[in-house]
Amino acid sequence: MDFEFSSEQQILKDSVDRLIADRYDQKARGAIINSKTGWSPEIWSTLAELGFLALPFSEADGGVGGGPVEQMITLEAFGTGLLVEPYLATVVLGGGAVALAGSAEQRTEILSGICNGTRLLAFAHGERLSRYRLSQVETTARRVGDGWVLDGEKTTVIHGGEADTLVVSARSNGNSDEELGLSLFLVPSNAEGVVRHAYPTFDGMRGADINFQSVSVPRAALLGVVDRAYGTIEQVTELGIAAVSAEAVGAMQAALDITVEYLKTRNQFGRPIGDFQVLQHRAADMYIAVEGARSIAIYAAMMVHDPDPEERHRAMSTAKAQIGTSARTVGQSGVQMHGGIGITEEYAIGQYFKRLTMIERQFGDTDHHMAQLAAMGAELEV
């Protein structure tokens with residue numbers, strides 16, 4: 001299989017790499033995180049102007065029609081810079097849900113706003129009791145007149161405090177753990193009854209817990225087919241896995257580069273610590289982990305739109321399990337070889353370790369996906 005980039009893809013890579021190098025060094029990132037919003041509207045506008053927000057959406061929906069490889073290239077660069085803007089929440093998750101399940105009117109209205117940088121979305125699905133079970137939803141949606149009324153709570157919604165529109169999963173039928181009976185709704189974040197508690201997460205991003213207290217939405221707020229949203233929720237989660245897999249590769253490569261440079265310049269006992277064989281071996285382990293992650297991220301990008309759900313599930317669990325294993329190896333080794341300075345707020349390796357740790361937990365941790373793969377293997381044996 002040919003993994004060489006086309007000329008257009010190489011231009012895209014050069015463009016996004018240059019943007020991150022010029023505008024997103026550690027000092028600039030720290031200032032953005034400590035700002036009032038916790039992210040940069042200026043950077044967001046730049047991403048819109050350069051077409052990165054429109055990348056995955058079809059030309060019919062106002063996008064540029066980029067494929068999974070283009071998305072992978074972009075997210076890897078964002079991982080290198082540890083970008084904290086709401087790209088994952090708005091473009092990948094929220095925008096992905098609308099692109100998959102939205103009507104022509106919903107796609108026209110919302111996706112065009114995402115592309116030009118004027119709309120921010122968040123995917124409000126996780127709940128306190130759900131862990132990684134996508135079907136475990138206790139937020140309810142009941143019909144009232146010509147519309148719906150939502151009640152419940154969502155937790156750790158990525159950039160949920162900044163979004164103007166929430167893509168909310170709710171149970172419109174069935175029991176709290178059934179796949180059948182889930183629906184998705186587009187809810188304005190300023191709707192009466194929506195109460196958001198926003199907070200910074202330990203990796204520099206933003207999260208929110210959101211309460212829905214008798215929130216009324218019109219019939220037009222329904223996204224997709226009533227009671228049949230589980231497949232969309234699954235696909236959005238898989239889009240997220242492919243995205244953070246690519247982001248993790250960028251973060252791991254940066255962590256490896258920082259660590260190798262430190263081994264070359266830090267002296268101990270009158271010589272660079274990189275001369276010591278045991279540290280050379282640890283650096284080699286990091287390199288192998290990064291390359292393994294890079295290969296599996298490419299695989300995830302290639303499989304994320306596979307029409308066979310079973311093959312897609314298997315590929316995404318395989319990718320997430322490998323990414324989690326590699327992230328732990330690279331993050332822990334990088335910090336350990338830096339010593340005490342590696343866990344300080346001011347030093348970059350610690351910031352990469354935090355983001356990699358968060359990625360390992362997002363959309364199912366390593367143990368969860370290993371268990372999923374084991375269950376799939378057992379089904380094949382039967």
# chains A, B, ... in the order shown; residues from 1 in each chain; ligands from 1
call {"tool": "residues_around", "arguments": {"residues": "A:Ala104", "least_positions_apart": "6", "cutoff": "10 Å", "atoms": "only C-alpha atoms", "output": "PyMOL selection string"}}
result
chain A and resi 60-61+98
call {"tool": "select_by_dssp", "arguments": {"residues": "stretch 159-204 of chain A", "states": "strand (DSSP E or B)", "output": "list of chain:residue names"}}
result
A:Thr165, A:Leu166, A:Val167, A:Val168, A:Ser169, A:Ala170, A:Arg171, A:Leu182, A:Ser183, A:Leu184, A:Phe185, A:Leu186, A:Val187, A:Pro188, A:Val194, A:Val195, A:Arg196, A:His197, A:Ala198, A:Tyr199, A:Pro200
call {"tool": "residues_around", "arguments": {"residues": "A:Arg219", "least_positions_apart": "4", "cutoff": "9 Å", "atoms": "only C-alpha atoms", "output": "MDAnalysis selection string"}}
result
chainID A and resid 146:148
call {"tool": "write_last_selection", "arguments": {"atoms": "C-alpha atoms", "output": "PDB file, in the first residue's frame"}}
result
ATOM      1  CA  ASP A 146     -45.274  19.376  18.288  1.00  0.00           C
ATOM      2  CA  GLY A 147     -41.880  19.280  19.968  1.00  0.00           C
ATOM      3  CA  TRP A 148     -39.780  17.609  22.622  1.00  0.00           C
TER       4      TRP A 148
END
call {"tool": "closest_residue", "arguments": {"among": "A:Glu138, A:Asp17, A:Glu8, A:Asp285", "to": "A:Leu75", "atoms": "only C-alpha atoms"}}
result
A:Asp17
call {"tool": "closest_residue", "arguments": {"among": "A:Leu373, A:Lys354, A:Gln235, A:Gln332", "to": "A:Pro307", "atoms": "only C-alpha atoms"}}
result
A:Gln235
call {"tool": "residues_around", "arguments": {"residues": "stretch 226-229 of chain A", "least_positions_apart": "2", "cutoff": "12 Å", "atoms": "only C-alpha atoms", "output": "ChimeraX atom specification"}}
result
/A:97-98,100-102,125,134-135,137,140-143,148,167-175,178-185,219-224,231-236
call {"tool": "residues_around", "arguments": {"residues": "A:Glu310", "least_positions_apart": "5", "cutoff": "12 Å", "atoms": "only C-alpha atoms", "output": "ChimeraX atom specification"}}
result
/A:231,234-235,303-305,315-317,372-373,376-377,379-380
call {"tool": "write_last_selection", "arguments": {"atoms": "N, CA and C atoms", "output": "compact mmCIF listing (two decimals), in the first residue's frame"}}
result
# COMPACT_ATOMS: atom_id res chain seq x y z
N GLY A 231 -26.56 4.19 15.90
CA GLY A 231 -25.55 4.01 14.86
C GLY A 231 -24.77 5.29 14.60
N GLU A 234 -22.33 5.84 17.46
CA GLU A 234 -21.18 4.97 17.26
C GLU A 234 -20.21 5.54 16.24
N GLN A 235 -20.74 5.99 15.12
CA GLN A 235 -19.88 6.51 14.07
C GLN A 235 -19.18 7.79 14.49
N MET A 303 -9.87 3.28 7.73
CA MET A 303 -11.01 2.42 8.06
C MET A 303 -12.20 3.16 8.64
N VAL A 304 -12.04 4.45 8.97
CA VAL A 304 -13.09 5.13 9.73
C VAL A 304 -14.39 5.27 8.95
N HIS A 305 -14.33 5.21 7.63
CA HIS A 305 -15.55 5.28 6.82
C HIS A 305 -15.88 3.95 6.15
N ALA A 315 -11.40 -2.25 13.71
CA ALA A 315 -10.28 -1.37 13.36
C ALA A 315 -10.11 -0.25 14.38
N MET A 316 -11.22 0.35 14.80
CA MET A 316 -11.14 1.47 15.75
C MET A 316 -10.68 1.00 17.13
N SER A 317 -11.14 -0.16 17.56
CA SER A 317 -10.68 -0.68 18.86
C SER A 317 -9.20 -1.06 18.79
N GLN A 372 -12.91 -5.25 24.24
CA GLN A 372 -13.76 -5.28 23.06
C GLN A 372 -13.20 -6.21 21.99
N LEU A 373 -11.89 -6.12 21.77
CA LEU A 373 -11.24 -6.99 20.77
C LEU A 373 -11.31 -8.45 21.18
N MET A 376 -14.77 -9.67 20.42
CA MET A 376 -14.94 -9.87 18.97
C MET A 376 -14.26 -11.16 18.52
N GLY A 377 -13.08 -11.44 19.09
CA GLY A 377 -12.38 -12.68 18.76
C GLY A 377 -13.15 -13.90 19.22
N GLU A 379 -16.38 -14.13 19.48
CA GLU A 379 -17.53 -14.30 18.60
C GLU A 379 -17.11 -14.98 17.29
N LEU A 380 -15.91 -14.62 16.81
CA LEU A 380 -15.43 -15.25 15.57
C LEU A 380 -15.17 -16.75 15.78
call {"tool": "residues_around", "arguments": {"residues": "stretch 325-327 of chain A", "least_positions_apart": "2", "cutoff": "12 Å", "atoms": "only C-alpha atoms", "output": "ChimeraX atom specification"}}
result
/A:244-256,285-297,318-323,329-334,352-361,365-367,369-370
call {"tool": "residues_around", "arguments": {"residues": "stretch 335-343 of chain A", "least_positions_apart": "6", "cutoff": "8 Å", "atoms": "only C-alpha atoms", "output": "list of chain:residue names"}}
result
A:Thr259, A:Tyr262, A:Leu263, A:Leu279, A:Ile349, A:Gly350, A:Phe353
call {"tool": "atom_distance", "arguments": {"atom1": "atom CA of A:Asn211", "atom2": "atom CA of A:Glu192"}}
result
11.0 Å
call {"tool": "closest_residue", "arguments": {"among": "A:Ile298, A:Leu111, A:Ala28, A:Leu12", "to": "A:Gly66", "atoms": "only C-alpha atoms"}}
result
A:Leu12
call {"tool": "select_by_dssp", "arguments": {"residues": "stretch 3-167 of chain A", "states": "helix (DSSP H, G or I)", "output": "VMD selection string"}}
result
chain A and resid 7 to 23 26 to 33 41 to 49 59 to 61 68 to 81 87 to 101 104 to 115
call {"tool": "closest_residue", "arguments": {"among": "A:Ala163, A:Tyr347, A:Gly240, A:Asn34", "to": "A:Ile258", "atoms": "only C-alpha atoms"}}
result
A:Tyr347
